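Visitor: Take this structure first; my questions come after.
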Amino acid sequence: MFKYKVLAFFIVVVYFFQSLFLPYGGIGADGLSYFGMASDFPKLKTNLFPLIYPALLRFFYESLGDYFWAYKVINLLMVVVLLIFSWFRKFYFKETVLLFTGKSLFFAMNGAVSESLFIFIFYFLLYVVHSFLSEKLKAASFVFWASLLVVLMFGVRYSGIFIYMSLVLFGFWLWLERVRVEQLRIYLAFLLLSGLGIFAYLGFNQMYFGSFTGEHLRGGRGEFQFVYLFRDFLGMTNVVDPFIGIKPASNGYLSLMFQVVLMLVDVFLFFKFVKWYRSNKINFKGSFPKLLWIVTIVYTVGLFVSGLFQQIEEMNVRMLAIANFAFFFSALVLYFQVQKKDQLVFRISFFFFLFLTAYNWKDAGSFLDYKSQMVPQLSRFKHKKYLYNNEKSMVTTTVYEVPIINKEVKYQHTNKQIGELKQTVIGAINPQIKWLKYDTVRDKSQVLYTSQLKLKN
């Protein structure tokens, strides 16, 4: 167990320093939106995103006075709490440590994204359900805590509805397995109470904002193109891969070929997992792994179908983080149930943790340095209400040399483009300056253009 404690400490250190040495500081477009919503509290203006994560950002901002450090402290606390809780409650500690070496937690806990809080709450929901299935939790405690956690998940991400749907389907499976009638009644009470909580949240949105989930702001899917449907399919198959994520760089043949090759690897891994599972004739200790499988399937399919009718991101690592987290968790639980030796899974996990760290730092930069350059300049633009990136034509291309074959690969990193970089830093400093996708504001005196600021790269 000692090596897991050492790895846990190493994980906390790396997770904390990771985004400090990224040019964009782990802040993307949605992160800027969350900062903007947080800065608007208590006068809320939109429900395009649920309210709990921005509210948490605002709470820590009040103490720290900085949205960048607010999200950093939140992420750090979540990492530490999960590890300490797992150790003291003896809840799959080895599995929990190894989960942090995978792509989902690595992504979620190193950025200003609501997936971090989403997975954090989900972990405790799994603990509560696991305790209930093991009959270690009283009925009233289970119904209260499980219902509260489900509603909180929905208040962090609207896709929490797929978690609720998974739990409903799991309840149906419990009925088929003919568990005790009393246990089924308790579980049904939990489903009813959590369903009422979700309904109440939607009712609040409708009364306060005039829509249930800001659907009028999100828009429809737009023109249907087969290539995007194909890429979504590739992303769905990538759910079974705990370490390597598909990152659609373009619709070019080389990019798609790489994604197809990775899909074939993922399919191979899945069938190897099924073969291993059958060959070991694993007997479930309780229903916990099946719950994780149901979450993986329902969340993945539900999100894919949802994307057919509205404008959301592709099926990438971020969008499917919790589905991948659930599948990886189930695989680790089953592995340690059968295998007494853990050298192989530990070494593989540690290797990919180092790989993800190195890959994330392939274009390192100091966000704090960029921030310090921007702060004095922004003091001259306090009256500005909007921010627009008018430097999109200034493209920065990174050239990578491929050894042995002596070839050069050129790649345009989104977060290395000077305009995007300025937009991110400005949004973190002053989220009240709302960033624009298009330069449509008539009164140009209200718009701060990125070209008006200088940044030494």
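A note on labels: chains of the structure tokens are A, B, ... as shown, every chain counts residues from 1, and ligands are counted from 1 in their shown order.
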Using only C-alpha atoms, which protein or nucleic acid residues come within 7 Å of segment 49-52 of chain A? Drop anything in the same chain fewer than 2 positions from it, and give the result as a list in words.

Guide: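 Returned residues: Asn47, Pro54, Ala55, Leu56, Gly155, Val156, Arg157 and Tyr158 of chain A.
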
Visitor: For the residues selected in the previous step, produce a file with C-alpha atoms as a short mmCIF file (atom, residue, chain, number, x, y, z; two decimals), in the first residue's frame.

Guide:
```cif
data_model
loop_
_atom_site.label_atom_id
_atom_site.label_comp_id
_atom_site.auth_asym_id
_atom_site.auth_seq_id
_atom_site.Cartn_x
_atom_site.Cartn_y
_atom_site.Cartn_z
CA ASN A 47 -29.18 29.49 -17.12
CA PRO A 54 -20.36 29.25 -10.73
CA ALA A 55 -21.76 29.77 -7.22
CA LEU A 56 -18.87 27.77 -5.75
CA GLY A 155 -27.32 21.50 -10.52
CA VAL A 156 -23.72 21.22 -11.72
CA ARG A 157 -24.39 19.80 -15.20
CA TYR A 158 -27.71 19.23 -16.91
#
```

Visitor: Segment 72-88 of chain A: which residues within 9 Å, counting only C-alpha atoms, same-chain residues fewer than 3 positions away excluded, as a list of chain:residue names?

Guide: A:Ala8, A:Ile11, A:Val12, A:Tyr15, A:Phe16, A:Ser19, A:Leu56, A:Leu57, A:Phe60, A:Tyr67, A:Phe68, A:Trp69, A:Phe91, A:Tyr92, A:Phe93, A:Lys94, A:Thr96, A:Val97, A:Phe100, A:Ala108, A:Met109, A:Asn110, A:Gly111, A:Ala112, A:Ser116, A:Leu117, A:Phe120, A:Tyr123, A:Phe124

Visitor: Rank nothing, just name the residue among A:Met374, A:Asp232, A:Val425, A:Trp293 nearest to Leu169 of chain A, using only C-alpha atoms.

Guide: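 The closest residue to Leu169 of chain A is A:Trp293.
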
Visitor: Taking 6 positions as the minimum chain separation for residues in the same chain, which residues sit within 10 Å of segment 296-313 of chain A when counting only C-alpha atoms? Answer as a PDB file with N, CA, C and O atoms, in the first residue's frame.

Guide:
```pdb
ATOM      1  N   SER A 159     -26.487  17.320 -17.786  1.00  0.00           N
ATOM      2  CA  SER A 159     -26.344  15.919 -18.173  1.00  0.00           C
ATOM      3  C   SER A 159     -26.462  14.990 -16.973  1.00  0.00           C
ATOM      4  O   SER A 159     -26.450  13.767 -17.129  1.00  0.00           O
ATOM      5  N   GLY A 160     -26.600  15.570 -15.782  1.00  0.00           N
ATOM      6  CA  GLY A 160     -26.882  14.771 -14.600  1.00  0.00           C
ATOM      7  C   GLY A 160     -28.176  13.975 -14.749  1.00  0.00           C
ATOM      8  O   GLY A 160     -28.389  12.981 -14.047  1.00  0.00           O
ATOM      9  N   ILE A 161     -29.037  14.399 -15.690  1.00  0.00           N
ATOM     10  CA  ILE A 161     -30.278  13.657 -15.933  1.00  0.00           C
ATOM     11  C   ILE A 161     -29.967  12.249 -16.418  1.00  0.00           C
ATOM     12  O   ILE A 161     -30.728  11.305 -16.154  1.00  0.00           O
ATOM     13  N   PHE A 162     -28.829  12.068 -17.104  1.00  0.00           N
ATOM     14  CA  PHE A 162     -28.445  10.738 -17.569  1.00  0.00           C
ATOM     15  C   PHE A 162     -27.976   9.858 -16.407  1.00  0.00           C
ATOM     16  O   PHE A 162     -28.103   8.631 -16.465  1.00  0.00           O
ATOM     17  N   ILE A 163     -27.430  10.491 -15.377  1.00  0.00           N
ATOM     18  CA  ILE A 163     -27.081   9.739 -14.164  1.00  0.00           C
ATOM     19  C   ILE A 163     -28.359   9.257 -13.495  1.00  0.00           C
ATOM     20  O   ILE A 163     -28.453   8.105 -13.050  1.00  0.00           O
ATOM     21  N   TYR A 164     -29.352  10.125 -13.436  1.00  0.00           N
ATOM     22  CA  TYR A 164     -30.640   9.742 -12.856  1.00  0.00           C
ATOM     23  C   TYR A 164     -31.279   8.610 -13.661  1.00  0.00           C
ATOM     24  O   TYR A 164     -31.810   7.649 -13.092  1.00  0.00           O
ATOM     25  N   MET A 165     -31.236   8.707 -14.974  1.00  0.00           N
ATOM     26  CA  MET A 165     -31.786   7.661 -15.828  1.00  0.00           C
ATOM     27  C   MET A 165     -31.041   6.337 -15.598  1.00  0.00           C
ATOM     28  O   MET A 165     -31.652   5.255 -15.600  1.00  0.00           O
ATOM     29  N   SER A 166     -29.735   6.410 -15.397  1.00  0.00           N
ATOM     30  CA  SER A 166     -28.943   5.206 -15.109  1.00  0.00           C
ATOM     31  C   SER A 166     -29.397   4.557 -13.807  1.00  0.00           C
ATOM     32  O   SER A 166     -29.497   3.324 -13.714  1.00  0.00           O
ATOM     33  N   LEU A 167     -29.655   5.393 -12.814  1.00  0.00           N
ATOM     34  CA  LEU A 167     -30.086   4.876 -11.511  1.00  0.00           C
ATOM     35  C   LEU A 167     -31.484   4.260 -11.599  1.00  0.00           C
ATOM     36  O   LEU A 167     -31.772   3.270 -10.913  1.00  0.00           O
ATOM     37  N   LEU A 169     -32.667   2.773 -14.321  1.00  0.00           N
ATOM     38  CA  LEU A 169     -32.442   1.489 -14.997  1.00  0.00           C
ATOM     39  C   LEU A 169     -31.808   0.481 -14.046  1.00  0.00           C
ATOM     40  O   LEU A 169     -32.142  -0.715 -14.078  1.00  0.00           O
ATOM     41  N   GLU A 215     -32.327  26.298 -23.234  1.00  0.00           N
ATOM     42  CA  GLU A 215     -32.312  25.650 -24.549  1.00  0.00           C
ATOM     43  C   GLU A 215     -32.399  26.648 -25.703  1.00  0.00           C
ATOM     44  O   GLU A 215     -31.848  26.406 -26.785  1.00  0.00           O
ATOM     45  N   HIS A 216     -33.047  27.786 -25.492  1.00  0.00           N
ATOM     46  CA  HIS A 216     -33.158  28.785 -26.551  1.00  0.00           C
ATOM     47  C   HIS A 216     -31.818  29.469 -26.835  1.00  0.00           C
ATOM     48  O   HIS A 216     -31.607  30.047 -27.901  1.00  0.00           O
ATOM     49  N   LEU A 217     -30.895  29.411 -25.858  1.00  0.00           N
ATOM     50  CA  LEU A 217     -29.573  29.999 -26.034  1.00  0.00           C
ATOM     51  C   LEU A 217     -28.608  29.028 -26.703  1.00  0.00           C
ATOM     52  O   LEU A 217     -27.649  29.423 -27.349  1.00  0.00           O
ATOM     53  N   ARG A 218     -28.882  27.738 -26.512  1.00  0.00           N
ATOM     54  CA  ARG A 218     -27.970  26.713 -27.028  1.00  0.00           C
ATOM     55  C   ARG A 218     -28.164  26.494 -28.524  1.00  0.00           C
ATOM     56  O   ARG A 218     -27.218  26.260 -29.248  1.00  0.00           O
ATOM     57  N   GLY A 219     -29.376  26.544 -28.987  1.00  0.00           N
ATOM     58  CA  GLY A 219     -29.656  26.404 -30.410  1.00  0.00           C
ATOM     59  C   GLY A 219     -29.720  24.959 -30.868  1.00  0.00           C
ATOM     60  O   GLY A 219     -29.364  24.031 -30.137  1.00  0.00           O
ATOM     61  N   GLY A 220     -30.184  24.774 -32.092  1.00  0.00           N
ATOM     62  CA  GLY A 220     -30.288  23.441 -32.665  1.00  0.00           C
ATOM     63  C   GLY A 220     -28.952  22.950 -33.165  1.00  0.00           C
ATOM     64  O   GLY A 220     -27.947  23.660 -33.140  1.00  0.00           O
ATOM     65  N   ARG A 221     -28.916  21.703 -33.642  1.00  0.00           N
ATOM     66  CA  ARG A 221     -27.662  21.109 -34.077  1.00  0.00           C
ATOM     67  C   ARG A 221     -27.089  21.788 -35.308  1.00  0.00           C
ATOM     68  O   ARG A 221     -25.895  21.863 -35.507  1.00  0.00           O
ATOM     69  N   GLY A 222     -27.933  22.313 -36.161  1.00  0.00           N
ATOM     70  CA  GLY A 222     -27.450  22.913 -37.392  1.00  0.00           C
ATOM     71  C   GLY A 222     -27.439  21.900 -38.522  1.00  0.00           C
ATOM     72  O   GLY A 222     -28.039  20.831 -38.446  1.00  0.00           O
ATOM     73  N   PHE A 224     -26.707  18.956 -40.822  1.00  0.00           N
ATOM     74  CA  PHE A 224     -26.197  17.611 -40.546  1.00  0.00           C
ATOM     75  C   PHE A 224     -25.063  17.270 -41.508  1.00  0.00           C
ATOM     76  O   PHE A 224     -25.175  17.438 -42.711  1.00  0.00           O
ATOM     77  N   LEU A 229     -20.934  13.152 -37.396  1.00  0.00           N
ATOM     78  CA  LEU A 229     -21.572  11.982 -36.812  1.00  0.00           C
ATOM     79  C   LEU A 229     -20.550  10.857 -36.652  1.00  0.00           C
ATOM     80  O   LEU A 229     -20.525  10.157 -35.632  1.00  0.00           O
ATOM     81  N   ASP A 232     -18.305  11.645 -33.750  1.00  0.00           N
ATOM     82  CA  ASP A 232     -18.996  11.357 -32.487  1.00  0.00           C
ATOM     83  C   ASP A 232     -18.961   9.863 -32.178  1.00  0.00           C
ATOM     84  O   ASP A 232     -18.793   9.456 -31.024  1.00  0.00           O
ATOM     85  N   PHE A 233     -19.116   9.053 -33.214  1.00  0.00           N
ATOM     86  CA  PHE A 233     -19.044   7.603 -33.027  1.00  0.00           C
ATOM     87  C   PHE A 233     -17.655   7.190 -32.551  1.00  0.00           C
ATOM     88  O   PHE A 233     -17.510   6.352 -31.653  1.00  0.00           O
ATOM     89  N   GLY A 235     -15.630   9.034 -30.865  1.00  0.00           N
ATOM     90  CA  GLY A 235     -15.528   9.475 -29.475  1.00  0.00           C
ATOM     91  C   GLY A 235     -16.223   8.540 -28.513  1.00  0.00           C
ATOM     92  O   GLY A 235     -15.741   8.303 -27.399  1.00  0.00           O
ATOM     93  N   MET A 236     -17.344   7.974 -28.931  1.00  0.00           N
ATOM     94  CA  MET A 236     -18.079   7.039 -28.081  1.00  0.00           C
ATOM     95  C   MET A 236     -17.264   5.773 -27.826  1.00  0.00           C
ATOM     96  O   MET A 236     -17.226   5.258 -26.705  1.00  0.00           O
ATOM     97  N   THR A 237     -16.603   5.257 -28.854  1.00  0.00           N
ATOM     98  CA  THR A 237     -15.799   4.047 -28.662  1.00  0.00           C
ATOM     99  C   THR A 237     -14.604   4.311 -27.752  1.00  0.00           C
ATOM    100  O   THR A 237     -14.109   3.400 -27.080  1.00  0.00           O
ATOM    101  N   VAL A 239     -14.583   5.737 -25.027  1.00  0.00           N
ATOM    102  CA  VAL A 239     -14.986   5.695 -23.623  1.00  0.00           C
ATOM    103  C   VAL A 239     -14.284   4.563 -22.870  1.00  0.00           C
ATOM    104  O   VAL A 239     -14.007   4.678 -21.669  1.00  0.00           O
ATOM    105  N   VAL A 240     -13.981   3.469 -23.557  1.00  0.00           N
ATOM    106  CA  VAL A 240     -13.387   2.306 -22.878  1.00  0.00           C
ATOM    107  C   VAL A 240     -11.885   2.450 -22.676  1.00  0.00           C
ATOM    108  O   VAL A 240     -11.268   1.615 -22.011  1.00  0.00           O
ATOM    109  N   LYS A 290     -21.904  -3.502 -11.941  1.00  0.00           N
ATOM    110  CA  LYS A 290     -22.972  -3.388 -12.927  1.00  0.00           C
ATOM    111  C   LYS A 290     -23.576  -1.983 -12.934  1.00  0.00           C
ATOM    112  O   LYS A 290     -23.976  -1.474 -13.985  1.00  0.00           O
ATOM    113  N   MET A 319     -16.662  15.722 -22.677  1.00  0.00           N
ATOM    114  CA  MET A 319     -18.091  15.426 -22.671  1.00  0.00           C
ATOM    115  C   MET A 319     -18.403  14.058 -22.072  1.00  0.00           C
ATOM    116  O   MET A 319     -19.440  13.864 -21.434  1.00  0.00           O
ATOM    117  N   LEU A 320     -17.505  13.105 -22.272  1.00  0.00           N
ATOM    118  CA  LEU A 320     -17.747  11.735 -21.809  1.00  0.00           C
ATOM    119  C   LEU A 320     -16.874  11.379 -20.604  1.00  0.00           C
ATOM    120  O   LEU A 320     -16.650  10.199 -20.331  1.00  0.00           O
ATOM    121  N   ALA A 321     -16.396  12.387 -19.895  1.00  0.00           N
ATOM    122  CA  ALA A 321     -15.476  12.152 -18.783  1.00  0.00           C
ATOM    123  C   ALA A 321     -16.062  11.217 -17.735  1.00  0.00           C
ATOM    124  O   ALA A 321     -15.395  10.285 -17.261  1.00  0.00           O
ATOM    125  N   ILE A 322     -17.305  11.438 -17.359  1.00  0.00           N
ATOM    126  CA  ILE A 322     -17.874  10.647 -16.270  1.00  0.00           C
ATOM    127  C   ILE A 322     -18.178   9.214 -16.722  1.00  0.00           C
ATOM    128  O   ILE A 322     -18.092   8.270 -15.925  1.00  0.00           O
ATOM    129  N   ALA A 323     -18.500   9.021 -18.016  1.00  0.00           N
ATOM    130  CA  ALA A 323     -18.720   7.674 -18.540  1.00  0.00           C
ATOM    131  C   ALA A 323     -17.413   6.893 -18.549  1.00  0.00           C
ATOM    132  O   ALA A 323     -17.364   5.714 -18.163  1.00  0.00           O
ATOM    133  N   ASN A 324     -16.338   7.551 -18.978  1.00  0.00           N
ATOM    134  CA  ASN A 324     -15.024   6.913 -18.966  1.00  0.00           C
ATOM    135  C   ASN A 324     -14.556   6.634 -17.549  1.00  0.00           C
ATOM    136  O   ASN A 324     -13.983   5.570 -17.256  1.00  0.00           O
ATOM    137  N   PHE A 325     -14.815   7.567 -16.643  1.00  0.00           N
ATOM    138  CA  PHE A 325     -14.483   7.397 -15.226  1.00  0.00           C
ATOM    139  C   PHE A 325     -15.186   6.163 -14.660  1.00  0.00           C
ATOM    140  O   PHE A 325     -14.566   5.344 -13.965  1.00  0.00           O
ATOM    141  N   ALA A 326     -16.472   6.000 -14.968  1.00  0.00           N
ATOM    142  CA  ALA A 326     -17.247   4.870 -14.454  1.00  0.00           C
ATOM    143  C   ALA A 326     -16.722   3.550 -14.999  1.00  0.00           C
ATOM    144  O   ALA A 326     -16.591   2.562 -14.259  1.00  0.00           O
ATOM    145  N   PHE A 327     -16.402   3.508 -16.298  1.00  0.00           N
ATOM    146  CA  PHE A 327     -15.902   2.257 -16.887  1.00  0.00           C
ATOM    147  C   PHE A 327     -14.535   1.893 -16.319  1.00  0.00           C
ATOM    148  O   PHE A 327     -14.279   0.724 -15.995  1.00  0.00           O
ATOM    149  N   PHE A 328     -13.657   2.868 -16.213  1.00  0.00           N
ATOM    150  CA  PHE A 328     -12.316   2.623 -15.651  1.00  0.00           C
ATOM    151  C   PHE A 328     -12.431   2.148 -14.200  1.00  0.00           C
ATOM    152  O   PHE A 328     -11.727   1.217 -13.781  1.00  0.00           O
ATOM    153  N   SER A 330     -14.942   0.516 -12.857  1.00  0.00           N
ATOM    154  CA  SER A 330     -15.444  -0.862 -12.851  1.00  0.00           C
ATOM    155  C   SER A 330     -14.333  -1.853 -13.191  1.00  0.00           C
ATOM    156  O   SER A 330     -14.228  -2.927 -12.584  1.00  0.00           O
TER     157      SER A 330
END
```

Visitor: With distances taken over only C-alpha atoms, which of A:Tyr228, A:Ile294, A:Ala331, A:Gln432 is nearest to Leu269 of chain A?

Guide: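 Looking only at the distances to Leu269 of chain A, the closest residue turns out to be A:Ala331.
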
Visitor: Enter the distance from atom CA of Asn390 of chain A to atom CA of Tyr449 of chain A, in Å, rounded to one decimal.

Guide: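 Here the two named atoms are 6.2 Å from each other.
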
Visitor: May I have the residues within 12 Å of Phe21 of chain A as a list in words, using only C-alpha atoms and disregarding those fewer than 4 positions away in the same chain?

Guide: Val14, Tyr15, Phe16, Phe17, Gly25, Gly26, Asn110, Thr357, Ala358, Asn360, Trp361, Lys362, Asp363, Ala364, Gly365, Ser366, Phe367, Leu368, Asp369 and Tyr370 of chain A

Visitor: Please, could you write that set of residues out with all heavy atoms as a compact mmCIF listing (two decimals), in the first residue's frame?

Guide:
```
# COMPACT_ATOMS: atom_id res chain seq x y z
N VAL A 14 1.50 17.20 -8.69
CA VAL A 14 1.43 17.42 -10.14
C VAL A 14 0.13 18.12 -10.52
O VAL A 14 0.13 19.05 -11.32
CB VAL A 14 1.56 16.08 -10.90
CG1 VAL A 14 1.26 16.28 -12.38
CG2 VAL A 14 2.96 15.51 -10.72
N TYR A 15 -0.99 17.69 -9.93
CA TYR A 15 -2.27 18.30 -10.25
C TYR A 15 -2.30 19.78 -9.89
O TYR A 15 -2.94 20.58 -10.58
CB TYR A 15 -3.40 17.56 -9.53
CG TYR A 15 -3.98 16.39 -10.30
CD1 TYR A 15 -3.15 15.45 -10.92
CD2 TYR A 15 -5.35 16.22 -10.42
CE1 TYR A 15 -3.68 14.38 -11.61
CE2 TYR A 15 -5.88 15.15 -11.12
CZ TYR A 15 -5.05 14.23 -11.71
OH TYR A 15 -5.58 13.18 -12.42
N PHE A 16 -1.62 20.12 -8.81
CA PHE A 16 -1.62 21.53 -8.41
C PHE A 16 -0.78 22.39 -9.36
O PHE A 16 -1.19 23.48 -9.78
CB PHE A 16 -1.09 21.70 -6.99
CG PHE A 16 -0.99 23.14 -6.56
CD1 PHE A 16 -2.12 23.86 -6.23
CD2 PHE A 16 0.24 23.78 -6.51
CE1 PHE A 16 -2.04 25.20 -5.85
CE2 PHE A 16 0.33 25.12 -6.13
CZ PHE A 16 -0.81 25.82 -5.80
N PHE A 17 0.41 21.89 -9.73
CA PHE A 17 1.32 22.70 -10.54
C PHE A 17 1.05 22.62 -12.03
O PHE A 17 1.54 23.45 -12.80
CB PHE A 17 2.78 22.30 -10.26
CG PHE A 17 3.30 22.77 -8.94
CD1 PHE A 17 3.39 21.91 -7.86
CD2 PHE A 17 3.67 24.10 -8.77
CE1 PHE A 17 3.87 22.35 -6.64
CE2 PHE A 17 4.14 24.55 -7.55
CZ PHE A 17 4.24 23.68 -6.48
N GLY A 25 -3.53 28.47 -18.55
CA GLY A 25 -3.84 28.25 -17.14
C GLY A 25 -4.97 27.27 -16.88
O GLY A 25 -5.57 27.28 -15.81
N GLY A 26 -5.28 26.41 -17.85
CA GLY A 26 -6.38 25.46 -17.67
C GLY A 26 -7.76 26.08 -17.86
O GLY A 26 -8.76 25.47 -17.48
N ASN A 110 -7.69 19.45 -13.74
CA ASN A 110 -6.63 20.38 -14.13
C ASN A 110 -7.17 21.56 -14.92
O ASN A 110 -6.41 22.26 -15.58
CB ASN A 110 -5.56 19.66 -14.94
CG ASN A 110 -4.60 18.87 -14.07
OD1 ASN A 110 -3.97 19.43 -13.17
ND2 ASN A 110 -4.49 17.59 -14.31
N THR A 357 1.14 13.96 -18.20
CA THR A 357 1.78 15.16 -17.66
C THR A 357 2.71 15.78 -18.68
O THR A 357 2.67 17.00 -18.92
CB THR A 357 2.56 14.81 -16.38
OG1 THR A 357 1.68 14.21 -15.42
CG2 THR A 357 3.18 16.06 -15.77
N ALA A 358 3.56 14.94 -19.28
CA ALA A 358 4.51 15.44 -20.28
C ALA A 358 3.80 15.97 -21.52
O ALA A 358 4.17 17.02 -22.06
CB ALA A 358 5.48 14.32 -20.67
N ASN A 360 0.80 17.22 -21.71
CA ASN A 360 0.12 18.48 -21.39
C ASN A 360 1.09 19.65 -21.35
O ASN A 360 0.70 20.80 -21.59
CB ASN A 360 -0.59 18.34 -20.03
CG ASN A 360 -1.99 18.91 -20.07
OD1 ASN A 360 -2.61 18.95 -21.12
ND2 ASN A 360 -2.49 19.34 -18.93
N TRP A 361 2.35 19.35 -21.06
CA TRP A 361 3.37 20.39 -20.98
C TRP A 361 4.18 20.52 -22.26
O TRP A 361 5.24 21.14 -22.28
CB TRP A 361 4.31 20.13 -19.81
CG TRP A 361 3.75 20.55 -18.49
CD1 TRP A 361 2.73 21.41 -18.26
CD2 TRP A 361 4.20 20.14 -17.20
NE1 TRP A 361 2.50 21.56 -16.91
CE2 TRP A 361 3.39 20.78 -16.22
CE3 TRP A 361 5.20 19.28 -16.75
CZ2 TRP A 361 3.56 20.60 -14.86
CZ3 TRP A 361 5.37 19.09 -15.38
CH2 TRP A 361 4.56 19.74 -14.45
N LYS A 362 3.68 19.93 -23.37
CA LYS A 362 4.47 19.96 -24.61
C LYS A 362 4.67 21.38 -25.12
O LYS A 362 5.64 21.66 -25.83
CB LYS A 362 3.79 19.10 -25.68
CG LYS A 362 2.40 19.57 -26.11
CD LYS A 362 1.77 18.58 -27.07
CE LYS A 362 0.38 19.05 -27.52
NZ LYS A 362 -0.56 19.16 -26.38
N ASP A 363 3.75 22.28 -24.79
CA ASP A 363 3.89 23.70 -25.13
C ASP A 363 3.70 24.51 -23.86
O ASP A 363 2.71 25.20 -23.67
CB ASP A 363 2.87 24.11 -26.19
CG ASP A 363 3.34 23.76 -27.58
OD1 ASP A 363 4.35 24.34 -28.02
OD2 ASP A 363 2.72 22.89 -28.21
N ALA A 364 4.68 24.40 -22.99
CA ALA A 364 4.58 25.03 -21.68
C ALA A 364 4.67 26.55 -21.78
O ALA A 364 5.22 27.11 -22.73
CB ALA A 364 5.68 24.50 -20.76
N GLY A 365 4.10 27.19 -20.79
CA GLY A 365 4.14 28.65 -20.69
C GLY A 365 3.67 29.04 -19.30
O GLY A 365 3.06 28.23 -18.60
N SER A 366 3.93 30.24 -18.89
CA SER A 366 3.56 30.67 -17.55
C SER A 366 2.31 31.55 -17.59
O SER A 366 2.37 32.71 -18.01
CB SER A 366 4.71 31.44 -16.89
OG SER A 366 4.30 31.98 -15.65
N PHE A 367 1.20 30.99 -17.16
CA PHE A 367 -0.04 31.76 -17.12
C PHE A 367 0.09 32.96 -16.18
O PHE A 367 -0.39 34.05 -16.48
CB PHE A 367 -1.19 30.87 -16.66
CG PHE A 367 -2.49 31.61 -16.50
CD1 PHE A 367 -3.29 31.89 -17.60
CD2 PHE A 367 -2.92 32.04 -15.25
CE1 PHE A 367 -4.48 32.60 -17.46
CE2 PHE A 367 -4.11 32.73 -15.10
CZ PHE A 367 -4.89 33.01 -16.22
N LEU A 368 0.76 32.76 -15.06
CA LEU A 368 0.91 33.84 -14.09
C LEU A 368 1.73 34.99 -14.66
O LEU A 368 1.49 36.16 -14.35
CB LEU A 368 1.54 33.31 -12.80
CG LEU A 368 0.70 32.30 -12.01
CD1 LEU A 368 1.45 31.85 -10.76
CD2 LEU A 368 -0.65 32.90 -11.63
N ASP A 369 2.70 34.65 -15.52
CA ASP A 369 3.49 35.69 -16.16
C ASP A 369 2.62 36.50 -17.12
O ASP A 369 2.67 37.74 -17.14
CB ASP A 369 4.67 35.07 -16.91
CG ASP A 369 5.47 36.11 -17.68
OD1 ASP A 369 5.88 37.11 -17.08
OD2 ASP A 369 5.67 35.93 -18.90
N TYR A 370 1.82 35.79 -17.93
CA TYR A 370 0.92 36.48 -18.85
C TYR A 370 -0.08 37.34 -18.08
O TYR A 370 -0.41 38.45 -18.50
CB TYR A 370 0.17 35.46 -19.71
CG TYR A 370 1.07 34.62 -20.60
CD1 TYR A 370 0.75 33.31 -20.90
CD2 TYR A 370 2.22 35.17 -21.15
CE1 TYR A 370 1.57 32.54 -21.72
CE2 TYR A 370 3.05 34.41 -21.96
CZ TYR A 370 2.72 33.10 -22.24
OH TYR A 370 3.53 32.35 -23.05
```

Visitor: For Ser451 of chain A, find every residue with an atom within 8 Å (counting only C-alpha atoms), except residues of its own chain fewer than 4 positions away, and show them as a list in words.

Guide: Asn389, Asn390, Glu391 and Gly419 of chain A

Visitor: Report, in Å to a single decimal, how far apart atom CA of Leu125 of chain A and atom CA of Lys138 of chain A are.

Guide: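 Answer for the atom CA of Lys138 of chain A to atom CA of Leu125 of chain A separation: 15.0 Å.
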
Visitor: Which is closer to Val6 of chain A than all the others in A:Phe381, A:Phe106, A:Phe350, A:Tyr201, using only C-alpha atoms?

Guide: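 Using only C-alpha atoms, the shortest distance to Val6 of chain A belongs to A:Phe350.
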
Visitor: Do you have, as JSON lines, the list of residues of segment 289-393 of chain A lying at most 6 Å from segment 437-447 of chain A, each with its nearest atom pair and that distance in Å to one decimal, counting only C-alpha atoms and ordered by chain then number?

Guide:
```
{"residue": "A:Lys384", "atom": "CA", "partner": "A:Gln446", "partner_atom": "CA", "distance": 4.8}
{"residue": "A:Lys385", "atom": "CA", "partner": "A:Gln446", "partner_atom": "CA", "distance": 5.4}
{"residue": "A:Tyr386", "atom": "CA", "partner": "A:Val447", "partner_atom": "CA", "distance": 4.7}
{"residue": "A:Leu387", "atom": "CA", "partner": "A:Val447", "partner_atom": "CA", "distance": 5.6}
```
